[in-house]
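Content type mmCIF, C-alpha atoms, from the file final-v9.cif:
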```cif
data_target
#
loop_
_atom_site.label_atom_id
_atom_site.label_comp_id
_atom_site.auth_asym_id
_atom_site.auth_seq_id
_atom_site.Cartn_x
_atom_site.Cartn_y
_atom_site.Cartn_z
CA MET A 1 0.00 0.00 0.00
CA THR A 2 1.45 3.37 -1.00
CA GLU A 3 1.49 6.28 1.43
CA PRO A 4 -1.39 8.70 0.85
CA THR A 5 -0.31 11.94 -0.80
CA LYS A 6 -0.66 15.28 0.98
CA GLY A 7 -3.70 15.99 -1.20
CA GLU A 8 -5.34 12.68 -0.24
CA ARG A 9 -4.71 13.40 3.43
CA THR A 10 -6.26 16.85 3.12
CA LYS A 11 -9.29 15.43 1.30
CA LYS A 12 -9.71 12.79 4.00
CA LYS A 13 -9.53 15.45 6.74
CA LEU A 14 -12.31 17.41 5.06
CA VAL A 15 -14.48 14.33 4.54
CA ASP A 16 -13.98 13.07 8.10
CA ALA A 17 -14.80 16.49 9.55
CA THR A 18 -17.97 16.65 7.46
CA ALA A 19 -19.05 13.15 8.51
CA SER A 20 -18.44 14.00 12.14
CA LEU A 21 -20.45 17.24 11.96
CA LEU A 22 -23.32 15.66 10.03
CA ARG A 23 -23.87 12.95 12.63
CA ARG A 24 -23.63 15.40 15.52
CA GLN A 25 -25.89 18.12 14.20
CA GLY A 26 -27.26 17.41 10.74
CA TYR A 27 -26.94 18.97 7.31
CA HIS A 28 -28.24 22.50 7.55
CA ALA A 29 -26.57 23.28 10.88
CA THR A 30 -23.21 22.41 9.32
CA GLY A 31 -21.65 25.33 7.47
CA LEU A 32 -18.58 25.23 5.25
CA SER A 33 -16.75 27.32 7.87
CA ASP A 34 -17.49 24.67 10.51
CA ILE A 35 -16.07 22.02 8.21
CA VAL A 36 -12.91 24.03 7.56
CA GLU A 37 -12.46 24.68 11.28
CA GLU A 38 -13.15 21.08 12.36
CA SER A 39 -10.83 19.67 9.68
CA GLY A 40 -7.91 22.02 10.22
CA ALA A 41 -7.49 22.04 6.42
CA PRO A 42 -6.91 25.32 4.59
CA ARG A 43 -10.16 26.88 3.32
CA GLY A 44 -8.87 26.97 -0.25
CA SER A 45 -8.46 23.20 -0.25
CA LEU A 46 -12.19 22.75 0.30
CA TYR A 47 -13.03 24.57 -2.93
CA PHE A 48 -10.15 22.89 -4.72
CA TYR A 49 -11.10 19.31 -3.84
CA PHE A 50 -14.86 19.80 -3.64
CA PRO A 51 -15.76 22.41 -6.25
CA ASP A 52 -19.49 21.56 -5.87
CA GLY A 53 -19.31 22.52 -2.20
CA LYS A 54 -21.35 21.12 0.65
CA ASP A 55 -23.46 18.64 -1.34
CA GLU A 56 -20.38 17.03 -2.82
CA LEU A 57 -18.72 16.89 0.60
CA ALA A 58 -21.87 15.48 2.20
CA CYS A 59 -22.08 12.68 -0.37
CA ALA A 60 -18.39 11.88 0.16
CA ALA A 61 -18.95 11.89 3.93
CA LEU A 62 -21.92 9.50 3.63
CA ALA A 63 -19.83 7.15 1.51
CA ALA A 64 -16.91 7.33 3.97
CA SER A 65 -19.24 6.65 6.92
CA GLY A 66 -20.54 3.61 5.07
CA VAL A 67 -17.02 2.24 4.60
CA GLU A 68 -16.03 2.97 8.21
CA TRP A 69 -19.13 1.44 9.80
CA ARG A 70 -19.11 -1.58 7.52
CA ALA A 71 -15.60 -2.31 8.81
CA ARG A 72 -16.45 -1.63 12.46
CA ILE A 73 -19.64 -3.70 12.40
CA GLY A 74 -17.91 -6.44 10.41
CA ALA A 75 -15.20 -6.65 13.08
CA ALA A 76 -17.77 -6.60 15.90
CA VAL A 77 -19.78 -9.52 14.53
CA ALA A 78 -16.82 -11.55 13.21
CA ASP A 79 -16.74 -13.82 16.25
CA ALA A 80 -20.50 -14.03 16.89
CA ARG A 81 -21.51 -17.68 17.17
CA ASP A 82 -25.15 -17.01 16.26
CA LEU A 83 -27.46 -14.27 15.03
CA GLY A 84 -28.49 -13.26 18.54
CA ALA A 85 -24.88 -12.74 19.56
CA ALA A 86 -24.25 -10.75 16.37
CA LEU A 87 -27.21 -8.43 17.09
CA ASP A 88 -25.92 -8.02 20.63
CA ALA A 89 -22.47 -7.05 19.37
CA VAL A 90 -23.89 -4.43 16.97
CA VAL A 91 -26.15 -2.84 19.59
CA THR A 92 -23.29 -2.74 22.13
CA LEU A 93 -20.95 -1.15 19.57
CA LEU A 94 -23.48 1.57 18.73
CA ALA A 95 -24.36 2.26 22.36
CA ASP A 96 -20.66 2.48 23.31
CA ASP A 97 -19.95 4.86 20.45
CA LEU A 98 -22.92 7.11 21.27
CA GLU A 99 -22.17 7.17 24.99
CA ALA A 100 -18.44 7.84 24.43
CA SER A 101 -19.37 10.92 22.38
CA GLY A 102 -21.38 12.37 25.26
CA TRP A 103 -24.62 11.39 23.44
CA GLN A 104 -23.69 13.57 20.46
CA ASN A 105 -22.92 11.09 17.69
CA GLY A 106 -26.08 9.64 16.21
CA CYS A 107 -26.42 7.68 13.00
CA PRO A 108 -24.21 9.33 10.37
CA VAL A 109 -27.08 9.33 7.87
CA ALA A 110 -30.35 9.73 9.79
CA ALA A 111 -30.10 13.45 10.47
CA VAL A 112 -29.40 14.20 6.83
CA ALA A 113 -32.17 11.81 5.75
CA LEU A 114 -34.85 13.79 7.58
CA GLU A 115 -33.81 17.26 6.46
CA SER A 116 -34.64 18.92 3.19
CA THR A 117 -31.63 18.51 0.94
CA SER A 118 -30.77 18.43 -2.72
CA ARG A 119 -31.79 15.55 -4.94
CA ARG A 120 -28.12 14.53 -5.07
CA VAL A 121 -27.84 14.20 -1.28
CA HIS A 122 -31.22 12.47 -1.03
CA ASP A 123 -30.14 9.90 -3.61
CA ALA A 124 -26.90 9.29 -1.69
CA VAL A 125 -28.92 8.74 1.50
CA ALA A 126 -31.30 6.31 -0.23
CA ALA A 127 -28.37 4.41 -1.77
CA HIS A 128 -26.71 4.26 1.65
CA TYR A 129 -29.77 2.70 3.33
CA ALA A 130 -30.32 0.31 0.41
CA ALA A 131 -26.71 -0.87 0.73
CA TRP A 132 -27.12 -1.45 4.48
CA GLN A 133 -30.35 -3.34 3.85
CA SER A 134 -28.46 -5.71 1.50
CA THR A 135 -25.49 -6.09 3.81
CA VAL A 136 -27.61 -6.83 6.89
CA SER A 137 -29.85 -9.18 4.95
CA GLU A 138 -26.85 -11.14 3.61
CA ARG A 139 -25.29 -11.30 7.07
CA ILE A 140 -28.53 -12.67 8.52
CA ALA A 141 -28.88 -15.19 5.69
CA ALA A 142 -25.31 -16.32 6.38
CA PHE A 143 -26.56 -17.54 9.78
CA GLY A 144 -28.83 -19.99 7.94
CA VAL A 145 -31.98 -17.87 7.88
CA PRO A 146 -33.99 -18.33 4.64
CA LYS A 147 -33.56 -15.39 2.21
CA PRO A 148 -37.13 -13.94 2.37
CA VAL A 149 -37.12 -14.03 6.18
CA ALA A 150 -33.63 -12.51 6.24
CA THR A 151 -34.81 -9.64 4.00
CA GLN A 152 -37.72 -8.80 6.31
CA LEU A 153 -35.64 -9.20 9.43
CA ALA A 154 -33.02 -6.83 7.99
CA THR A 155 -35.69 -4.14 7.51
CA VAL A 156 -36.97 -4.63 11.06
CA ALA A 157 -33.46 -4.59 12.56
CA LEU A 158 -32.42 -1.49 10.58
CA ALA A 159 -35.61 0.38 11.47
CA ALA A 160 -35.60 -0.61 15.15
CA ILE A 161 -31.90 0.16 15.66
CA GLU A 162 -32.20 3.46 13.76
CA GLY A 163 -35.15 4.49 15.94
CA ALA A 164 -33.42 3.31 19.11
CA LEU A 165 -30.32 5.35 18.25
CA LEU A 166 -32.55 8.42 17.93
CA LEU A 167 -34.28 7.77 21.28
CA ALA A 168 -30.95 6.98 22.98
CA LYS A 169 -29.48 10.25 21.72
CA VAL A 170 -32.53 12.26 22.81
CA HIS A 171 -32.71 10.65 26.27
CA LYS A 172 -28.90 10.41 26.69
CA SER A 173 -29.35 6.77 27.66
CA ARG A 174 -28.35 3.32 26.39
CA GLU A 175 -31.70 1.95 27.49
CA PRO A 176 -33.60 2.21 24.16
CA LEU A 177 -30.76 0.40 22.36
CA VAL A 178 -30.52 -2.27 25.04
CA THR A 179 -34.30 -2.86 25.01
CA VAL A 180 -34.47 -3.01 21.22
CA GLY A 181 -31.47 -5.35 21.14
CA ALA A 182 -33.21 -7.72 23.56
CA ALA A 183 -36.43 -7.62 21.50
CA LEU A 184 -34.53 -8.40 18.29
CA ARG A 185 -32.76 -11.31 20.00
CA ALA A 186 -36.08 -12.63 21.25
CA MET A 187 -37.44 -12.30 17.71
CA VAL A 188 -34.61 -14.28 16.10
CA ALA A 189 -34.88 -16.91 18.87
CA THR A 190 -38.37 -17.75 17.53
CA LEU A 191 -36.94 -18.58 14.08
CA PRO A 192 -36.61 -22.25 13.21
CA LYS A 193 -33.10 -23.53 14.05
CA PRO A 194 -30.89 -23.27 10.98
CA ARG A 195 -29.21 -26.33 9.56
CA LYS A 196 -25.51 -26.51 10.32
CA ARG A 197 -23.33 -24.82 7.73
CA MET B 1 -66.94 26.27 23.41
CA THR B 2 -66.25 29.92 22.60
CA GLU B 3 -65.09 30.92 19.13
CA PRO B 4 -61.32 31.44 18.91
CA THR B 5 -60.35 35.10 18.74
CA LYS B 6 -58.58 36.52 15.70
CA GLY B 7 -55.33 36.46 17.70
CA GLU B 8 -55.79 32.78 18.59
CA ARG B 9 -56.45 31.94 14.95
CA THR B 10 -53.30 33.78 13.86
CA LYS B 11 -51.24 32.02 16.52
CA LYS B 12 -52.61 28.66 15.40
CA LYS B 13 -51.77 29.42 11.77
CA LEU B 14 -48.16 30.17 12.73
CA VAL B 15 -47.85 27.06 14.89
CA ASP B 16 -49.41 24.78 12.26
CA ALA B 17 -47.15 26.18 9.56
CA THR B 18 -44.10 25.61 11.76
CA ALA B 19 -45.14 22.05 12.57
CA SER B 20 -45.71 21.30 8.91
CA LEU B 21 -42.32 22.70 7.86
CA LEU B 22 -40.43 20.94 10.69
CA ARG B 23 -41.73 17.53 9.70
CA ARG B 24 -41.06 18.11 6.00
CA GLN B 25 -37.56 19.51 6.23
CA GLY B 26 -36.30 19.85 9.80
CA TYR B 27 -35.31 22.72 12.06
CA HIS B 28 -32.40 24.50 10.41
CA ALA B 29 -33.85 24.41 6.91
CA THR B 30 -36.95 26.22 8.21
CA GLY B 31 -36.50 29.97 8.31
CA LEU B 32 -38.86 32.51 9.87
CA SER B 33 -39.66 33.78 6.36
CA ASP B 34 -40.77 30.26 5.35
CA ILE B 35 -43.04 30.13 8.38
CA VAL B 36 -44.58 33.52 7.60
CA GLU B 37 -45.10 32.53 3.97
CA GLU B 38 -46.55 29.06 4.74
CA SER B 39 -48.88 30.46 7.42
CA GLY B 40 -50.21 33.42 5.49
CA ALA B 41 -50.03 35.39 8.75
CA PRO B 42 -48.57 38.91 8.80
CA ARG B 43 -44.85 38.95 9.65
CA GLY B 44 -45.40 41.31 12.58
CA SER B 45 -47.71 38.78 14.24
CA LEU B 46 -44.87 36.26 14.47
CA TYR B 47 -42.76 38.62 16.59
CA PHE B 48 -45.83 39.73 18.54
CA TYR B 49 -47.00 36.23 19.54
CA PHE B 50 -43.59 34.55 19.64
CA PRO B 51 -41.13 37.17 20.87
CA ASP B 52 -38.47 34.48 21.43
CA GLY B 53 -38.64 33.57 17.75
CA LYS B 54 -38.01 30.20 16.16
CA ASP B 55 -37.24 28.23 19.33
CA GLU B 56 -40.48 29.32 20.96
CA LEU B 57 -42.42 28.53 17.78
CA ALA B 58 -40.70 25.14 17.44
CA CYS B 59 -41.63 24.18 21.01
CA ALA B 60 -45.23 25.26 20.41
CA ALA B 61 -45.27 23.27 17.16
CA LEU B 62 -43.95 20.13 18.90
CA ALA B 63 -46.65 20.48 21.57
CA ALA B 64 -49.35 20.98 18.93
CA SER B 65 -48.14 17.95 16.95
CA GLY B 66 -48.35 15.91 20.15
CA VAL B 67 -51.98 16.96 20.70
CA GLU B 68 -52.93 16.35 17.07
CA TRP B 69 -51.33 12.91 16.79
CA ARG B 70 -52.57 11.77 20.17
CA ALA B 71 -56.09 12.47 18.88
CA ARG B 72 -55.52 10.87 15.48
CA ILE B 73 -53.90 7.74 16.92
CA GLY B 74 -56.50 7.55 19.67
CA ALA B 75 -59.26 7.59 17.05
CA ALA B 76 -57.45 5.03 14.89
CA VAL B 77 -57.08 2.48 17.71
CA ALA B 78 -60.44 3.13 19.40
CA ASP B 79 -62.11 0.14 17.76
CA ALA B 80 -59.12 -2.24 17.81
CA ARG B 81 -60.18 -5.53 19.37
CA ASP B 82 -56.64 -6.51 20.35
CA LEU B 83 -53.10 -5.15 20.49
CA GLY B 84 -52.18 -6.56 17.07
CA ALA B 85 -55.11 -4.77 15.45
CA ALA B 86 -54.17 -1.54 17.27
CA LEU B 87 -50.58 -1.72 15.97
CA ASP B 88 -51.95 -2.36 12.50
CA ALA B 89 -54.17 0.70 12.70
CA VAL B 90 -51.30 2.93 13.80
CA VAL B 91 -48.93 1.74 11.08
CA THR B 92 -51.62 2.13 8.41
CA LEU B 93 -52.44 5.65 9.62
CA LEU B 94 -48.77 6.70 9.48
CA ALA B 95 -48.19 5.09 6.08
CA ASP B 96 -51.33 6.73 4.64
CA ASP B 97 -50.30 10.13 5.98
CA LEU B 98 -46.74 9.86 4.64
CA GLU B 99 -47.85 8.57 1.24
CA ALA B 100 -50.57 11.25 0.92
CA SER B 101 -47.91 13.93 1.46
CA GLY B 102 -45.86 12.65 -1.48
CA TRP B 103 -43.40 11.08 1.00
CA GLN B 104 -42.63 14.49 2.50
CA ASN B 105 -44.19 14.34 5.98
CA GLY B 106 -42.07 12.35 8.37
CA CYS B 107 -42.35 12.22 12.12
CA PRO B 108 -43.02 15.76 13.38
CA VAL B 109 -40.26 15.40 15.98
CA ALA B 110 -37.54 13.14 14.57
CA ALA B 111 -35.92 15.65 12.22
CA VAL B 112 -35.64 18.22 15.00
CA ALA B 113 -34.38 15.55 17.40
CA LEU B 114 -31.33 14.78 15.25
CA GLU B 115 -30.25 18.33 14.52
CA SER B 116 -28.26 20.59 16.76
CA THR B 117 -30.73 22.88 18.52
CA SER B 118 -30.99 24.94 21.67
CA ARG B 119 -31.31 23.34 25.07
CA ARG B 120 -34.93 24.53 25.14
CA VAL B 121 -35.84 22.73 21.92
CA HIS B 122 -33.90 19.62 22.95
CA ASP B 123 -35.80 19.49 26.23
CA ALA B 124 -39.12 19.84 24.38
CA VAL B 125 -38.13 16.94 22.10
CA ALA B 126 -37.14 14.73 25.06
CA ALA B 127 -40.40 15.56 26.88
CA HIS B 128 -42.33 14.76 23.71
CA TYR B 129 -40.80 11.30 23.36
CA ALA B 130 -41.16 10.60 27.09
CA ALA B 131 -44.87 11.46 26.85
CA TRP B 132 -45.33 9.13 23.88
CA GLN B 133 -43.48 6.38 25.73
CA SER B 134 -45.98 6.69 28.61
CA THR B 135 -49.02 6.90 26.35
CA VAL B 136 -48.03 3.87 24.27
CA SER B 137 -47.08 1.90 27.36
CA GLU B 138 -50.46 2.63 29.02
CA ARG B 139 -52.33 1.74 25.83
CA ILE B 140 -50.48 -1.58 25.62
CA ALA B 141 -51.10 -2.30 29.32
CA ALA B 142 -54.81 -1.58 28.74
CA PHE B 143 -54.84 -4.66 26.49
CA GLY B 144 -53.94 -6.77 29.52
CA VAL B 145 -50.16 -6.84 29.03
CA PRO B 146 -48.25 -6.73 32.36
CA LYS B 147 -46.76 -3.27 33.08
CA PRO B 148 -43.01 -4.14 32.78
CA VAL B 149 -43.58 -5.94 29.47
CA ALA B 150 -45.76 -3.06 28.26
CA THR B 151 -42.99 -0.57 29.06
CA GLN B 152 -40.40 -2.51 27.05
CA LEU B 153 -42.80 -3.15 24.21
CA ALA B 154 -43.59 0.56 24.04
CA THR B 155 -39.87 1.36 23.60
CA VAL B 156 -39.54 -1.26 20.87
CA ALA B 157 -42.69 -0.10 19.06
CA LEU B 158 -41.69 3.58 19.24
CA ALA B 159 -38.15 2.87 18.03
CA ALA B 160 -39.17 0.49 15.25
CA ILE B 161 -41.96 2.73 13.95
CA GLU B 162 -39.75 5.83 14.15
CA GLY B 163 -37.02 4.06 12.18
CA ALA B 164 -39.54 2.64 9.69
CA LEU B 165 -40.98 6.13 9.09
CA LEU B 166 -37.46 7.34 8.28
CA LEU B 167 -36.80 4.45 5.87
CA ALA B 168 -40.26 4.84 4.28
CA LYS B 169 -39.63 8.54 3.69
CA VAL B 170 -36.15 7.93 2.24
CA HIS B 171 -37.32 5.10 -0.05
CA LYS B 172 -40.72 6.69 -0.83
CA SER B 173 -42.35 3.38 0.03
CA ARG B 174 -44.81 1.96 2.58
CA GLU B 175 -42.81 -1.26 2.70
CA PRO B 176 -40.63 -0.55 5.79
CA LEU B 177 -43.72 0.43 7.81
CA VAL B 178 -45.68 -2.61 6.63
CA THR B 179 -42.78 -4.96 7.43
CA VAL B 180 -42.19 -3.44 10.86
CA GLY B 181 -45.93 -3.53 11.60
CA ALA B 182 -46.02 -7.25 10.77
CA ALA B 183 -42.97 -7.91 12.98
CA LEU B 184 -44.53 -6.03 15.91
CA ARG B 185 -47.77 -7.99 15.49
CA ALA B 186 -45.83 -11.25 15.44
CA MET B 187 -44.01 -10.10 18.58
CA VAL B 188 -47.19 -9.35 20.53
CA ALA B 189 -48.71 -12.64 19.33
CA THR B 190 -46.02 -14.43 21.35
CA LEU B 191 -47.17 -12.73 24.58
CA PRO B 192 -49.21 -14.85 27.00
CA LYS B 193 -52.94 -14.37 26.36
CA PRO B 194 -54.25 -11.61 28.67
CA ARG B 195 -57.06 -12.31 31.08
CA LYS B 196 -60.40 -10.88 30.01
CA ARG B 197 -60.95 -7.31 31.20
#
```
The structure given in the file should be rewritten as structure tokens.
Amino acid sequence: MTEPTKGERTKKKLVDATASLLRRQGYHATGLSDIVEESGAPRGSLYFYFPDGKDELACAALAASGVEWRARIGAAVADARDLGAALDAVVTLLADDLEASGWQNGCPVAAVALESTSRRVHDAVAAHYAAWQSTVSERIAAFGVPKPVATQLATVALAAIEGALLLAKVHKSREPLVTVGAALRAMVATLPKPRKR
Amino acid sequence: MTEPTKGERTKKKLVDATASLLRRQGYHATGLSDIVEESGAPRGSLYFYFPDGKDELACAALAASGVEWRARIGAAVADARDLGAALDAVVTLLADDLEASGWQNGCPVAAVALESTSRRVHDAVAAHYAAWQSTVSERIAAFGVPKPVATQLATVALAAIEGALLLAKVHKSREPLVTVGAALRAMVATLPKPRKR
């Protein structure tokens, strides 16, 4: 792997700062000046690397969040011996991350999803959730759950965890995530036992 | 009941316009000019009735949304013969409302909840969700579900429906709400049968 160039490092700083601000406070509350300040990158670099401005940065930040969280969740569930344990690991990871941020860091996408944004940002949000739906569904199916059940379960898990993250952030409490995690585990425990892989 | 005064009608117009804009696009995207325009009220009346400006209006709008949706959901579940039917009625009501708005109208509180706002608005959001948690929990308990189970189920239902509303809005589809509704019904079907009231 080659070292990233100075330009790549600057770009990454800008994208990471944007992602961090979007999940803390949403799209409209995040100004270009905030992004420059949070990133520590020179203001000119923002216009140089992202000539389309905030929308382009927001889409890059959503994509980067997707890559980061796919890796973090993948690592968290790697050792899970069954679907219940995997759900547990995901809920614990999210609760730890939210609590460690002083209840600031919500879902990197949800805030943007609920605000009025450009078509370009909306499409990036929709693509992001569609990709998570596929990933979660495939992960569930890998535990021996039949495809159609896995698809529905992925929707329920995504929705319930997304809503629990919102409630946990609002109430500054792990409790909604813990309760939803337990309900999801109880739900998967009612599934027929999968055949051994 | 006495007729509302002209002042009360103007106030209501401003609050309704704010509520409608908050659920379509969130807090920061909604400017005072948008509220004046959407309401049709004279600009001066906004400063006269809401001297503290947008935060005061937002808190009034959250309270008004709470009253409105408590009534609408109450009416929707009034005839439900069991908890499953009640959940069905709520999910159908929310899906109908979102679809009728061209997938614009999300939860009146969620967008504001995920943005950075003042302490005052945050507290109003937290109080709003706490009130819904109590209402839903009491409604579930009224179907004969033991209190501690009802409390947990209320958290799961709130979180899952909130997340499904977000996904439904993003994907412009009833599907996430329908799937989550079915999962919640399946979940309550596993509860021990309540004694007859």
Counting only C-alpha atoms, the option among B:Ala159, B:Ala189, B:Ala111, B:Ala142 closest to Val77 (chain B):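 Distance minimum relative to Val77 (chain B) lands on B:Ala142.
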Output of the PyMOL selection byres ((chain B and resi 60) around 10), listed as a list in words: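 Residues picked by the PyMOL selection byres ((chain B and resi 60) around 10): Lys11, Lys12, Leu14, Val15, Asp16, Thr18, Ala19, Phe50, Lys54, Asp55, Glu56, Leu57, Ala58, Cys59, Ala61, Leu62, Ala63, Ala64, Ser65, Gly66, Val121 and Ala124 of chain B.
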Expected answer as a compact mmCIF listing (two decimals) with C-alpha atoms, in the coordinates of the input: chain A residues within 9 Å of chain B, all atoms listed in the file:
```txt
# COMPACT_ATOMS: atom_id res chain seq x y z
CA LEU A 22 -23.32 15.66 10.03
CA ARG A 23 -23.87 12.95 12.63
CA ARG A 24 -23.63 15.40 15.52
CA GLN A 25 -25.89 18.12 14.20
CA GLY A 26 -27.26 17.41 10.74
CA TYR A 27 -26.94 18.97 7.31
CA HIS A 28 -28.24 22.50 7.55
CA ALA A 29 -26.57 23.28 10.88
CA GLY A 106 -26.08 9.64 16.21
CA CYS A 107 -26.42 7.68 13.00
CA ALA A 110 -30.35 9.73 9.79
CA ALA A 111 -30.10 13.45 10.47
CA VAL A 112 -29.40 14.20 6.83
CA ALA A 113 -32.17 11.81 5.75
CA LEU A 114 -34.85 13.79 7.58
CA GLU A 115 -33.81 17.26 6.46
CA SER A 116 -34.64 18.92 3.19
CA THR A 117 -31.63 18.51 0.94
CA HIS A 122 -31.22 12.47 -1.03
CA ASP A 123 -30.14 9.90 -3.61
CA VAL A 125 -28.92 8.74 1.50
CA ALA A 126 -31.30 6.31 -0.23
CA TYR A 129 -29.77 2.70 3.33
CA ALA A 130 -30.32 0.31 0.41
CA GLN A 152 -37.72 -8.80 6.31
CA LEU A 153 -35.64 -9.20 9.43
CA THR A 155 -35.69 -4.14 7.51
CA VAL A 156 -36.97 -4.63 11.06
CA ALA A 157 -33.46 -4.59 12.56
CA LEU A 158 -32.42 -1.49 10.58
CA ALA A 159 -35.61 0.38 11.47
CA ALA A 160 -35.60 -0.61 15.15
CA ILE A 161 -31.90 0.16 15.66
CA GLU A 162 -32.20 3.46 13.76
CA GLY A 163 -35.15 4.49 15.94
CA ALA A 164 -33.42 3.31 19.11
CA LEU A 165 -30.32 5.35 18.25
CA LEU A 166 -32.55 8.42 17.93
CA LEU A 167 -34.28 7.77 21.28
CA LYS A 169 -29.48 10.25 21.72
CA VAL A 170 -32.53 12.26 22.81
CA HIS A 171 -32.71 10.65 26.27
CA PRO A 176 -33.60 2.21 24.16
CA LEU A 177 -30.76 0.40 22.36
CA THR A 179 -34.30 -2.86 25.01
CA VAL A 180 -34.47 -3.01 21.22
CA ALA A 183 -36.43 -7.62 21.50
CA ALA A 186 -36.08 -12.63 21.25
CA MET A 187 -37.44 -12.30 17.71
```
Length of the CA of Pro42 (chain A) to CA of Glu8 (chain A) vector [Å]: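 It comes out at 13.6 Å.
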For Ser33 (chain B): contacts at 10 Å, only C-alpha atoms, fewer than 6 positions along chain excluded, given as JSON, numbers by chain: {"B": [39, 43, 46]}
For CA of Ile140 (chain B) and CA of Leu83 (chain B), the interatomic separation in Å (one decimal):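 Distance reported for this atom pair: 6.8 Å.
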Pick from A:Val188, A:Arg9, A:Glu37, A:Trp103 nearest to Ala141 (chain A), counting all atoms listed in the file: A:Val188
For CA of Ala85 (chain A) and CA of Thr135 (chain A), the interatomic separation in Å (one decimal):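 CA of Thr135 (chain A) lies 17.1 Å from CA of Ala85 (chain A).
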Please rebuild region 182-195 of chain B with N, CA and C atoms and return the result as a PDB file, in the coordinates of the input.
```pdb
ATOM      1  N   ALA B 182     -45.832  -5.796  10.718  1.00  0.00           N
ATOM      2  CA  ALA B 182     -46.020  -7.250  10.770  1.00  0.00           C
ATOM      3  C   ALA B 182     -45.138  -7.867  11.857  1.00  0.00           C
ATOM      4  N   ALA B 183     -43.895  -7.368  11.971  1.00  0.00           N
ATOM      5  CA  ALA B 183     -42.970  -7.910  12.980  1.00  0.00           C
ATOM      6  C   ALA B 183     -43.478  -7.597  14.393  1.00  0.00           C
ATOM      7  N   LEU B 184     -44.004  -6.385  14.591  1.00  0.00           N
ATOM      8  CA  LEU B 184     -44.530  -6.030  15.910  1.00  0.00           C
ATOM      9  C   LEU B 184     -45.759  -6.890  16.239  1.00  0.00           C
ATOM     10  N   ARG B 185     -46.609  -7.134  15.249  1.00  0.00           N
ATOM     11  CA  ARG B 185     -47.770  -7.990  15.490  1.00  0.00           C
ATOM     12  C   ARG B 185     -47.334  -9.402  15.853  1.00  0.00           C
ATOM     13  N   ALA B 186     -46.332  -9.904  15.130  1.00  0.00           N
ATOM     14  CA  ALA B 186     -45.830 -11.250  15.440  1.00  0.00           C
ATOM     15  C   ALA B 186     -45.261 -11.281  16.854  1.00  0.00           C
ATOM     16  N   MET B 187     -44.610 -10.171  17.243  1.00  0.00           N
ATOM     17  CA  MET B 187     -44.010 -10.100  18.580  1.00  0.00           C
ATOM     18  C   MET B 187     -45.099 -10.136  19.658  1.00  0.00           C
ATOM     19  N   VAL B 188     -46.153  -9.362  19.486  1.00  0.00           N
ATOM     20  CA  VAL B 188     -47.190  -9.350  20.530  1.00  0.00           C
ATOM     21  C   VAL B 188     -47.989 -10.656  20.527  1.00  0.00           C
ATOM     22  N   ALA B 189     -48.002 -11.356  19.378  1.00  0.00           N
ATOM     23  CA  ALA B 189     -48.710 -12.640  19.330  1.00  0.00           C
ATOM     24  C   ALA B 189     -48.027 -13.683  20.207  1.00  0.00           C
ATOM     25  N   THR B 190     -46.737 -13.464  20.498  1.00  0.00           N
ATOM     26  CA  THR B 190     -46.020 -14.430  21.350  1.00  0.00           C
ATOM     27  C   THR B 190     -46.248 -14.166  22.839  1.00  0.00           C
ATOM     28  N   LEU B 191     -46.900 -13.031  23.166  1.00  0.00           N
ATOM     29  CA  LEU B 191     -47.170 -12.730  24.580  1.00  0.00           C
ATOM     30  C   LEU B 191     -48.215 -13.700  25.124  1.00  0.00           C
ATOM     31  N   PRO B 192     -48.153 -14.013  26.418  1.00  0.00           N
ATOM     32  CA  PRO B 192     -49.210 -14.850  27.000  1.00  0.00           C
ATOM     33  C   PRO B 192     -50.557 -14.152  26.815  1.00  0.00           C
ATOM     34  N   LYS B 193     -51.593 -14.938  26.547  1.00  0.00           N
ATOM     35  CA  LYS B 193     -52.940 -14.370  26.360  1.00  0.00           C
ATOM     36  C   LYS B 193     -53.361 -13.606  27.624  1.00  0.00           C
ATOM     37  N   PRO B 194     -53.817 -12.366  27.480  1.00  0.00           N
ATOM     38  CA  PRO B 194     -54.250 -11.610  28.670  1.00  0.00           C
ATOM     39  C   PRO B 194     -55.562 -12.169  29.221  1.00  0.00           C
ATOM     40  N   ARG B 195     -55.753 -11.972  30.513  1.00  0.00           N
ATOM     41  CA  ARG B 195     -57.060 -12.310  31.080  1.00  0.00           C
ATOM     42  C   ARG B 195     -58.088 -11.323  30.556  1.00  0.00           C
TER      43      ARG B 195
END
```
